[in-house]
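Data file: work.pdb. Format and content: PDB, C-alpha atoms and all ligand atoms.
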ATOM      1  CA  MET M  13      86.832 108.895  96.264  1.00  0.00           C
ATOM      2  CA  ARG M  14      87.822 107.060  99.439  1.00  0.00           C
ATOM      3  CA  SER M  15      84.982 108.465 101.533  1.00  0.00           C
ATOM      4  CA  GLU M  16      82.534 106.895  99.092  1.00  0.00           C
ATOM      5  CA  LEU M  17      83.680 103.474 100.199  1.00  0.00           C
ATOM      6  CA  THR M  18      82.468 104.119 103.780  1.00  0.00           C
ATOM      7  CA  ASN M  19      79.077 105.205 102.494  1.00  0.00           C
ATOM      8  CA  MET M  20      76.927 102.103 102.298  1.00  0.00           C
ATOM      9  CA  GLY M  21      74.546 103.500  99.682  1.00  0.00           C
ATOM     10  CA  ASN M  22      77.270 104.399  97.213  1.00  0.00           C
ATOM     11  CA  HIS M  23      79.177 101.245  97.978  1.00  0.00           C
ATOM     12  CA  ARG M  24      76.306  99.120  96.799  1.00  0.00           C
ATOM     13  CA  VAL M  25      76.042 101.105  93.575  1.00  0.00           C
ATOM     14  CA  ARG M  26      79.771 100.702  92.989  1.00  0.00           C
ATOM     15  CA  ALA M  27      79.603  96.934  93.418  1.00  0.00           C
ATOM     16  CA  ALA M  28      76.821  96.780  90.847  1.00  0.00           C
ATOM     17  CA  GLU M  29      78.795  99.004  88.496  1.00  0.00           C
ATOM     18  CA  ILE M  30      81.839  96.767  88.780  1.00  0.00           C
ATOM     19  CA  GLN M  31      79.719  93.686  88.163  1.00  0.00           C
ATOM     20  CA  ASN M  32      78.226  95.299  85.060  1.00  0.00           C
ATOM     21  CA  ALA M  33      81.584  96.298  83.678  1.00  0.00           C
ATOM     22  CA  ILE M  34      82.891  92.752  84.089  1.00  0.00           C
ATOM     23  CA  MET M  35      80.051  91.339  82.070  1.00  0.00           C
ATOM     24  CA  TRP M  36      80.688  93.815  79.300  1.00  0.00           C
ATOM     25  CA  ASN M  37      84.409  93.405  78.955  1.00  0.00           C
ATOM     26  CA  THR M  38      85.814  90.568  76.925  1.00  0.00           C
ATOM     27  CA  LEU M  39      89.174  90.233  75.229  1.00  0.00           C
ATOM     28  CA  VAL M  40      89.236  91.792  71.777  1.00  0.00           C
ATOM     29  CA  GLU M  41      90.639  89.676  68.964  1.00  0.00           C
ATOM     30  CA  HIS M  42      94.296  90.106  68.106  1.00  0.00           C
ATOM     31  CA  LYS M  43      93.636  92.098  64.922  1.00  0.00           C
ATOM     32  CA  HIS M  44      91.623  94.748  66.775  1.00  0.00           C
ATOM     33  CA  PRO M  45      92.894  98.267  65.914  1.00  0.00           C
ATOM     34  CA  LEU M  46      93.148  99.239  69.599  1.00  0.00           C
ATOM     35  CA  LEU M  47      95.970  96.721  69.963  1.00  0.00           C
ATOM     36  CA  LYS M  48      97.941  98.520  67.249  1.00  0.00           C
ATOM     37  CA  THR M  49      97.336 101.968  68.735  1.00  0.00           C
ATOM     38  CA  LYS M  50      99.423 103.919  71.214  1.00  0.00           C
ATOM     39  CA  MET M  51      97.179 104.723  74.190  1.00  0.00           C
ATOM     40  CA  GLU M  52      96.873 108.355  75.252  1.00  0.00           C
ATOM     41  CA  PRO M  53      97.603 109.290  78.892  1.00  0.00           C
ATOM     42  CA  PHE M  54      94.825 108.726  81.435  1.00  0.00           C
ATOM     43  CA  ASP M  55      93.689 112.153  82.596  1.00  0.00           C
ATOM     44  CA  PHE M  56      93.319 112.065  86.399  1.00  0.00           C
ATOM     45  CA  ASP M  57      92.046 115.674  86.454  1.00  0.00           C
ATOM     46  CA  ASN M  58      89.177 114.730  84.214  1.00  0.00           C
ATOM     47  CA  PRO M  59      88.984 110.918  84.371  1.00  0.00           C
ATOM     48  CA  PRO M  60      87.235 109.277  81.405  1.00  0.00           C
ATOM     49  CA  THR M  61      86.187 106.482  83.795  1.00  0.00           C
ATOM     50  CA  ASP M  62      86.523 105.797  87.525  1.00  0.00           C
ATOM     51  CA  PRO M  63      90.115 104.546  87.953  1.00  0.00           C
ATOM     52  CA  GLU M  64      89.201 102.488  91.038  1.00  0.00           C
ATOM     53  CA  ILE M  65      86.424 100.657  89.233  1.00  0.00           C
ATOM     54  CA  LEU M  66      88.666 100.187  86.223  1.00  0.00           C
ATOM     55  CA  PHE M  67      91.396  98.673  88.398  1.00  0.00           C
ATOM     56  CA  ALA M  68      88.967  96.364  90.236  1.00  0.00           C
ATOM     57  CA  ASN M  69      87.367  95.253  87.003  1.00  0.00           C
ATOM     58  CA  MET M  70      90.619  94.646  85.163  1.00  0.00           C
ATOM     59  CA  SER M  71      92.111  92.762  88.120  1.00  0.00           C
ATOM     60  CA  GLN M  72      89.155  90.427  88.390  1.00  0.00           C
ATOM     61  CA  MET M  73      89.245  89.755  84.686  1.00  0.00           C
ATOM     62  CA  MET M  74      92.995  89.063  84.699  1.00  0.00           C
ATOM     63  CA  LEU M  75      92.641  86.606  87.590  1.00  0.00           C
ATOM     64  CA  GLU M  76      89.673  84.869  85.975  1.00  0.00           C
ATOM     65  CA  LYS M  77      91.698  84.384  82.789  1.00  0.00           C
ATOM     66  CA  LYS M  78      94.666  83.145  84.840  1.00  0.00           C
ATOM     67  CA  GLY M  79      96.870  85.920  83.495  1.00  0.00           C
ATOM     68  CA  VAL M  80      99.674  87.779  85.241  1.00  0.00           C
ATOM     69  CA  GLY M  81      99.150  90.990  83.288  1.00  0.00           C
ATOM     70  CA  LEU M  82      96.338  92.616  81.317  1.00  0.00           C
ATOM     71  CA  SER M  83      96.232  95.942  79.508  1.00  0.00           C
ATOM     72  CA  ALA M  84      93.066  98.007  79.044  1.00  0.00           C
ATOM     73  CA  ASN M  85      93.277  97.940  75.247  1.00  0.00           C
ATOM     74  CA  GLN M  86      93.274  94.128  75.327  1.00  0.00           C
ATOM     75  CA  VAL M  87      89.697  94.330  76.600  1.00  0.00           C
ATOM     76  CA  GLY M  88      88.694  97.124  74.225  1.00  0.00           C
ATOM     77  CA  LEU M  89      89.155 100.019  76.641  1.00  0.00           C
ATOM     78  CA  PRO M  90      91.196 102.912  75.224  1.00  0.00           C
ATOM     79  CA  TYR M  91      93.098 103.772  78.422  1.00  0.00           C
ATOM     80  CA  ARG M  92      96.793 103.964  79.161  1.00  0.00           C
ATOM     81  CA  MET M  93      96.653 101.484  82.038  1.00  0.00           C
ATOM     82  CA  PHE M  94      97.326  97.871  82.866  1.00  0.00           C
ATOM     83  CA  VAL M  95      97.206  95.575  85.863  1.00  0.00           C
ATOM     84  CA  MET M  96      99.774  92.971  86.775  1.00  0.00           C
ATOM     85  CA  GLY M  97     100.530  90.512  89.555  1.00  0.00           C
ATOM     86  CA  ASN M  98      98.499  87.890  91.372  1.00  0.00           C
ATOM     87  CA  GLU M  99      95.765  87.597  93.989  1.00  0.00           C
ATOM     88  CA  GLU M 100      98.117  88.565  96.828  1.00  0.00           C
ATOM     89  CA  ASN M 101      99.752  91.461  95.072  1.00  0.00           C
ATOM     90  CA  LEU M 102      97.862  93.331  92.367  1.00  0.00           C
ATOM     91  CA  ILE M 103      99.663  96.296  90.839  1.00  0.00           C
ATOM     92  CA  PRO M 104      97.643  99.113  89.200  1.00  0.00           C
ATOM     93  CA  VAL M 105      99.701 100.866  86.516  1.00  0.00           C
ATOM     94  CA  PHE M 106      98.459 104.082  84.911  1.00  0.00           C
ATOM     95  CA  ASN M 107     100.502 106.205  82.496  1.00  0.00           C
ATOM     96  CA  PRO M 108     103.710 104.166  82.764  1.00  0.00           C
ATOM     97  CA  ARG M 109     107.116 105.247  81.524  1.00  0.00           C
ATOM     98  CA  ILE M 110     110.205 103.071  81.605  1.00  0.00           C
ATOM     99  CA  VAL M 111     112.884 105.502  82.723  1.00  0.00           C
ATOM    100  CA  ASP M 112     115.843 103.151  82.828  1.00  0.00           C
ATOM    101  CA  TYR M 113     116.975  99.711  81.691  1.00  0.00           C
ATOM    102  CA  GLU M 114     119.662  97.904  83.669  1.00  0.00           C
ATOM    103  CA  GLY M 115     121.459  94.602  83.619  1.00  0.00           C
ATOM    104  CA  GLU M 116     121.525  92.107  80.802  1.00  0.00           C
ATOM    105  CA  GLU M 117     118.932  91.285  78.196  1.00  0.00           C
ATOM    106  CA  TYR M 118     117.911  87.629  78.233  1.00  0.00           C
ATOM    107  CA  TYR M 119     115.445  85.320  76.496  1.00  0.00           C
ATOM    108  CA  ALA M 120     112.472  83.773  78.308  1.00  0.00           C
ATOM    109  CA  GLU M 121     109.151  82.346  77.216  1.00  0.00           C
ATOM    110  CA  GLU M 122     106.159  84.689  77.268  1.00  0.00           C
ATOM    111  CA  GLY M 123     102.474  84.081  76.813  1.00  0.00           C
ATOM    112  CA  CYS M 124      99.712  86.596  76.164  1.00  0.00           C
ATOM    113  CA  LEU M 125      95.975  86.419  76.903  1.00  0.00           C
ATOM    114  CA  THR M 126      95.391  87.798  73.399  1.00  0.00           C
ATOM    115  CA  TYR M 127      97.183  84.764  71.884  1.00  0.00           C
ATOM    116  CA  PRO M 128      96.069  81.714  73.899  1.00  0.00           C
ATOM    117  CA  GLY M 129      98.596  78.884  73.926  1.00  0.00           C
ATOM    118  CA  LEU M 130     101.300  80.793  72.042  1.00  0.00           C
ATOM    119  CA  TYR M 131     104.447  80.849  74.168  1.00  0.00           C
ATOM    120  CA  VAL M 132     107.342  82.610  72.487  1.00  0.00           C
ATOM    121  CA  LYS M 133     110.894  83.300  73.601  1.00  0.00           C
ATOM    122  CA  ILE M 134     111.409  87.061  73.863  1.00  0.00           C
ATOM    123  CA  LYS M 135     114.493  89.057  74.758  1.00  0.00           C
ATOM    124  CA  ARG M 136     113.968  91.592  77.567  1.00  0.00           C
ATOM    125  CA  TYR M 137     115.996  93.530  80.090  1.00  0.00           C
ATOM    126  CA  ASN M 138     116.333  91.952  83.498  1.00  0.00           C
ATOM    127  CA  VAL M 139     115.934  95.195  85.453  1.00  0.00           C
ATOM    128  CA  ILE M 140     113.913  98.328  84.749  1.00  0.00           C
ATOM    129  CA  ARG M 141     113.016 101.452  86.639  1.00  0.00           C
ATOM    130  CA  ALA M 142     109.487 102.549  85.832  1.00  0.00           C
ATOM    131  CA  ARG M 143     107.465 105.618  86.722  1.00  0.00           C
ATOM    132  CA  TYR M 144     103.701 105.257  86.915  1.00  0.00           C
ATOM    133  CA  THR M 145     100.577 106.373  88.746  1.00  0.00           C
ATOM    134  CA  THR M 146      98.292 104.154  90.823  1.00  0.00           C
ATOM    135  CA  HIS M 147      94.476 104.085  90.685  1.00  0.00           C
ATOM    136  CA  GLN M 148      94.576 106.497  93.648  1.00  0.00           C
ATOM    137  CA  GLY M 149      96.615 109.019  91.689  1.00  0.00           C
ATOM    138  CA  ILE M 150      99.927 108.400  93.467  1.00  0.00           C
ATOM    139  CA  THR M 151     102.978 108.625  91.182  1.00  0.00           C
ATOM    140  CA  ASP M 152     106.262 106.917  92.028  1.00  0.00           C
ATOM    141  CA  THR M 153     109.334 105.373  90.413  1.00  0.00           C
ATOM    142  CA  ILE M 154     109.743 101.665  91.149  1.00  0.00           C
ATOM    143  CA  LYS M 155     112.480  99.184  90.299  1.00  0.00           C
ATOM    144  CA  PHE M 156     111.403  95.821  88.911  1.00  0.00           C
ATOM    145  CA  SER M 157     113.532  92.788  88.146  1.00  0.00           C
ATOM    146  CA  GLY M 158     113.145  89.290  86.763  1.00  0.00           C
ATOM    147  CA  MET M 159     109.610  88.100  86.034  1.00  0.00           C
ATOM    148  CA  THR M 160     107.825  91.278  87.184  1.00  0.00           C
ATOM    149  CA  SER M 161     110.151  93.380  85.046  1.00  0.00           C
ATOM    150  CA  ARG M 162     109.347  91.163  82.067  1.00  0.00           C
ATOM    151  CA  ILE M 163     105.593  91.393  82.634  1.00  0.00           C
ATOM    152  CA  PHE M 164     105.836  95.169  82.985  1.00  0.00           C
ATOM    153  CA  GLN M 165     107.704  95.470  79.675  1.00  0.00           C
ATOM    154  CA  HIS M 166     105.204  93.165  77.929  1.00  0.00           C
ATOM    155  CA  GLU M 167     102.170  95.151  79.170  1.00  0.00           C
ATOM    156  CA  TYR M 168     103.890  98.471  78.525  1.00  0.00           C
ATOM    157  CA  ASP M 169     104.360  97.379  74.913  1.00  0.00           C
ATOM    158  CA  HIS M 170     100.596  96.773  74.604  1.00  0.00           C
ATOM    159  CA  LEU M 171      99.981 100.411  75.559  1.00  0.00           C
ATOM    160  CA  GLU M 172     102.458 101.431  72.860  1.00  0.00           C
ATOM    161  CA  GLY M 173     100.495  99.402  70.312  1.00  0.00           C
ATOM    162  CA  ILE M 174     103.146  96.685  70.112  1.00  0.00           C
ATOM    163  CA  ASP M 175     102.629  93.004  70.848  1.00  0.00           C
ATOM    164  CA  TYR M 176     105.263  90.463  71.858  1.00  0.00           C
ATOM    165  CA  LEU M 177     105.225  88.694  68.471  1.00  0.00           C
ATOM    166  CA  LYS M 178     106.713  91.834  66.973  1.00  0.00           C
ATOM    167  CA  ARG M 179     109.750  91.358  69.203  1.00  0.00           C
ATOM    168  CA  ALA M 180     110.160  87.650  68.428  1.00  0.00           C
ATOM    169  CA  THR M 181     112.678  86.226  65.974  1.00  0.00           C
ATOM    170  CA  ARG M 182     111.307  84.273  62.994  1.00  0.00           C
ATOM    171  CA  TYR M 183     112.924  81.134  64.397  1.00  0.00           C
ATOM    172  CA  HIS M 184     111.341  81.425  67.851  1.00  0.00           C
ATOM    173  CA  LEU M 185     107.949  82.344  66.427  1.00  0.00           C
ATOM    174  CA  ASP M 186     107.857  79.328  64.067  1.00  0.00           C
ATOM    175  CA  LYS M 187     108.853  77.057  66.916  1.00  0.00           C
ATOM    176  CA  ALA M 188     106.140  78.521  69.168  1.00  0.00           C
ATOM    177  CA  ARG M 189     103.461  78.111  66.477  1.00  0.00           C
ATOM    178  CA  LYS M 190     104.366  74.435  66.070  1.00  0.00           C
ATOM    179  CA  GLU M 191     104.123  73.911  69.829  1.00  0.00           C
ATOM    180  CA  GLN M 192     100.785  75.709  69.862  1.00  0.00           C
ATOM    181  CA  LYS M 193      99.420  73.362  67.186  1.00  0.00           C
ATOM    182  CA  LYS M 194     100.607  70.374  69.165  1.00  0.00           C
ATOM    183  CA  LEU M 195      98.921  71.732  72.297  1.00  0.00           C
ATOM    184  CA  ASN M 196      95.678  72.328  70.402  1.00  0.00           C
ATOM    185  CA  ARG M 197      95.677  68.753  69.118  1.00  0.00           C
ATOM    186  CA  ILE M 198      96.150  67.402  72.650  1.00  0.00           C
ATOM    187  CA  LYS M 199      93.409  69.678  73.928  1.00  0.00           C
ATOM    188  CA  LYS M 200      91.004  68.490  71.237  1.00  0.00           C
ATOM    189  CA  ARG M 201      91.732  64.868  72.089  1.00  0.00           C
ATOM    190  CA  ILE M 202      91.061  65.533  75.784  1.00  0.00           C
ATOM    191  CA  ASP M 203      87.799  67.326  74.953  1.00  0.00           C
ATOM    192  CA  LYS M 204      86.715  64.425  72.739  1.00  0.00           C
ATOM    193  CA  ASN M 205      87.387  61.942  75.537  1.00  0.00           C
ATOM    194  CA  LYS M 206      85.338  64.065  77.900  1.00  0.00           C
ATOM    195  CA  GLU M 207      82.367  63.883  75.518  1.00  0.00           C
ATOM    196  CA  LYS M 208      82.444  60.084  75.511  1.00  0.00           C
TER
HETATM  197 ZN    ZN R 301      99.961  90.458  76.117  1.00  0.00          ZN
END
The structure in this file should be written as structure tokens.
Amino acid sequence: MRSELTNMGNHRVRAAEIQNAIMWNTLVEHKHPLLKTKMEPFDFDNPPTDPEILFANMSQMMLEKKGVGLSANQVGLPYRMFVMGNEENLIPVFNPRIVDYEGEEYYAEEGCLTYPGLYVKIKRYNVIRARYTTHQGITDTIKFSGMTSRIFQHEYDHLEGIDYLKRATRYHLDKARKEQKKLNRIKKRIDKNKEK
């Protein structure tokens, strides 16, 4: 797979393929069945799609949407993979397993590209140890803490067919919905002013 990147001819084809895939992929709506489905492992021996292209495509989409994590099933792709991070440090995560939870659970606000403007307090573990495979087929166990640990757990849930609202308390969810409405009203007012 790596040698292809030094071959100019193939490289051009790949770039076009990535471009095509980006145009095709949009976020599915929150009621989409793929978001309620546990994703089956990505088979590296017989890949259903090129993992490198998938990673590149998903990363670009996540950055465009100003997200810090995006799972394949959020964009309608039935693969057990997600990307997380930022422009400087993009992490490809295929077939993740959380092997250990450490430290305390604590509440922090989470957003989700599937639910724009809905920020809900969710309880998560501070530290996890996770085993996963990269787009190049390398498997390792990595320790995450703080924000990255939280993002990992949020995206991992997507692959299990669970979204963050399922983990929210009634109280926190109601509060978040009210805030979302307020935000939407402000947004509308700003848009109206722009039209003038
Ligand atoms: Zn999400």
(message) Rounded to one decimal, what separation in Å do you get between CA of Gln86 in chain M and CA of Val40 in chain M?
(response) 5.9 Å
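Considering the residues M:Met70, M:Met96, M:Tyr144, M:Arg162 and counting all atoms listed in the file, Tyr118 in chain M has its shortest atom-to-atom contact with M:Arg162.
Remark: for Thr145 in chain M, the closest of the candidate residues M:Pro45, M:Pro104, M:Gly97, M:Gly88 is M:Pro104 (distances computed over all atoms listed in the file).
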With 8 Å as the cut-off and only C-alpha atoms and all ligand atoms counted, what is the closest atom pair between each nearby residue of chain M and ligand ZN 301 (chain R)? Distances in Å to one decimal, ordered by chain and number, as CSV.
residue,atom,partner,partner_atom,distance
M:Gly81,CA,R:ZN301,ZN,7.2
M:Leu82,CA,R:ZN301,ZN,6.7
M:Ser83,CA,R:ZN301,ZN,7.4
M:Gln86,CA,R:ZN301,ZN,7.7
M:Gly123,CA,R:ZN301,ZN,6.9
M:Cys124,CA,R:ZN301,ZN,3.9
M:Leu125,CA,R:ZN301,ZN,5.7
M:Thr126,CA,R:ZN301,ZN,5.9
M:Tyr127,CA,R:ZN301,ZN,7.6
M:His166,CA,R:ZN301,ZN,6.2
M:Glu167,CA,R:ZN301,ZN,6.0
M:His170,CA,R:ZN301,ZN,6.5
M:Asp175,CA,R:ZN301,ZN,6.4
M:Tyr176,CA,R:ZN301,ZN,6.8
(request) Counting only C-alpha atoms, select every polymer residue within 9 Å of (94.6, 109.1, 87.7) as defined in the file's coordinates, and provide the selection as a ChimeraX atom specification. (result) /M:54-59,62-63,106-107,145-150
For the residues in the current selection, export C-alpha atoms as a PDB file, in the frame of the given file.
ATOM      1  CA  PHE M  54      94.825 108.726  81.435  1.00  0.00           C
ATOM      2  CA  ASP M  55      93.689 112.153  82.596  1.00  0.00           C
ATOM      3  CA  PHE M  56      93.319 112.065  86.399  1.00  0.00           C
ATOM      4  CA  ASP M  57      92.046 115.674  86.454  1.00  0.00           C
ATOM      5  CA  ASN M  58      89.177 114.730  84.214  1.00  0.00           C
ATOM      6  CA  PRO M  59      88.984 110.918  84.371  1.00  0.00           C
ATOM      7  CA  ASP M  62      86.523 105.797  87.525  1.00  0.00           C
ATOM      8  CA  PRO M  63      90.115 104.546  87.953  1.00  0.00           C
ATOM      9  CA  PHE M 106      98.459 104.082  84.911  1.00  0.00           C
ATOM     10  CA  ASN M 107     100.502 106.205  82.496  1.00  0.00           C
ATOM     11  CA  THR M 145     100.577 106.373  88.746  1.00  0.00           C
ATOM     12  CA  THR M 146      98.292 104.154  90.823  1.00  0.00           C
ATOM     13  CA  HIS M 147      94.476 104.085  90.685  1.00  0.00           C
ATOM     14  CA  GLN M 148      94.576 106.497  93.648  1.00  0.00           C
ATOM     15  CA  GLY M 149      96.615 109.019  91.689  1.00  0.00           C
ATOM     16  CA  ILE M 150      99.927 108.400  93.467  1.00  0.00           C
TER      17      ILE M 150
END
Closest atom pairs, range 40-158 of chain M residues within 12 Å of range 194-208 of chain M, all atoms listed in the file, as a Markdown table:
| residue | atom | partner | partner_atom | distance |
| --- | --- | --- | --- | --- |
| M:Pro128 | CA | M:Asn196 | CA | 10.0 |
| M:Gly129 | CA | M:Leu195 | CA | 7.3 |
| M:Leu130 | CA | M:Leu195 | CA | 9.4 |
| M:Tyr131 | CA | M:Leu195 | CA | 10.8 |
For the provided coordinates, the residues matched by the PyMOL selection byres (((chain M and resi 143) around 8) and not hetatm) should be stated as a short mmCIF file (atom, residue, chain, number, x, y, z; two decimals) with C-alpha atoms, keeping the file's coordinate frame.
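Output saved as expr29.cif:
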data_model
loop_
_atom_site.label_atom_id
_atom_site.label_comp_id
_atom_site.auth_asym_id
_atom_site.auth_seq_id
_atom_site.Cartn_x
_atom_site.Cartn_y
_atom_site.Cartn_z
CA PRO M 108 103.71 104.17 82.76
CA ARG M 109 107.12 105.25 81.52
CA ILE M 110 110.20 103.07 81.60
CA VAL M 111 112.88 105.50 82.72
CA ARG M 141 113.02 101.45 86.64
CA ALA M 142 109.49 102.55 85.83
CA TYR M 144 103.70 105.26 86.92
CA THR M 145 100.58 106.37 88.75
CA THR M 151 102.98 108.62 91.18
CA ASP M 152 106.26 106.92 92.03
CA THR M 153 109.33 105.37 90.41
CA ILE M 154 109.74 101.66 91.15
#
(message) Quick check, in Å to one decimal: how far apart do CA of Gln165 in chain M and CA of Tyr137 in chain M lie?
(response) 8.5 Å
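Taking CA of Pro53 in chain M as the reference point, CA of Pro90 in chain M is found at 9.8 Å.
Restricting the calculation to all atoms listed in the file, the smallest distance between Ser161 in chain M and any of M:Lys193, M:Arg136, M:Arg179, M:Lys43 is found for M:Arg136.
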Using only C-alpha atoms, collect all residues at a distance of at most 12 Å from (101.2, 86.6, 92.3) as written in the file, then present them as a JSON list (two decimals) with C-alpha atoms, in the coordinates of the input.
[["chain", "number", "residue", "atom", "x", "y", "z"],
["M", 71, "SER", "CA", 92.11, 92.76, 88.12],
["M", 74, "MET", "CA", 93.00, 89.06, 84.70],
["M", 75, "LEU", "CA", 92.64, 86.61, 87.59],
["M", 78, "LYS", "CA", 94.67, 83.14, 84.84],
["M", 79, "GLY", "CA", 96.87, 85.92, 83.50],
["M", 80, "VAL", "CA", 99.67, 87.78, 85.24],
["M", 81, "GLY", "CA", 99.15, 90.99, 83.29],
["M", 95, "VAL", "CA", 97.21, 95.58, 85.86],
["M", 96, "MET", "CA", 99.77, 92.97, 86.78],
["M", 97, "GLY", "CA", 100.53, 90.51, 89.56],
["M", 98, "ASN", "CA", 98.50, 87.89, 91.37],
["M", 99, "GLU", "CA", 95.76, 87.60, 93.99],
["M", 100, "GLU", "CA", 98.12, 88.56, 96.83],
["M", 101, "ASN", "CA", 99.75, 91.46, 95.07],
["M", 102, "LEU", "CA", 97.86, 93.33, 92.37],
["M", 103, "ILE", "CA", 99.66, 96.30, 90.84],
["M", 159, "MET", "CA", 109.61, 88.10, 86.03],
["M", 160, "THR", "CA", 107.82, 91.28, 87.18],
["M", 163, "ILE", "CA", 105.59, 91.39, 82.63]]
(message) If the PyMOL selection byres (((chain M and resi 50) around 6) and not hetatm) were run on this exact file, what residues would it hold? Put them as a PyMOL selection string.
(response) chain M and resi 49+51+171-173
(request) Pick out the closest residue to Phe67 in chain M from this set: M:Ala84, M:Leu46, M:Ile140, M:Leu177. Count all atoms listed in the file. (result)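 Nearest to Phe67 in chain M: M:Ala84.
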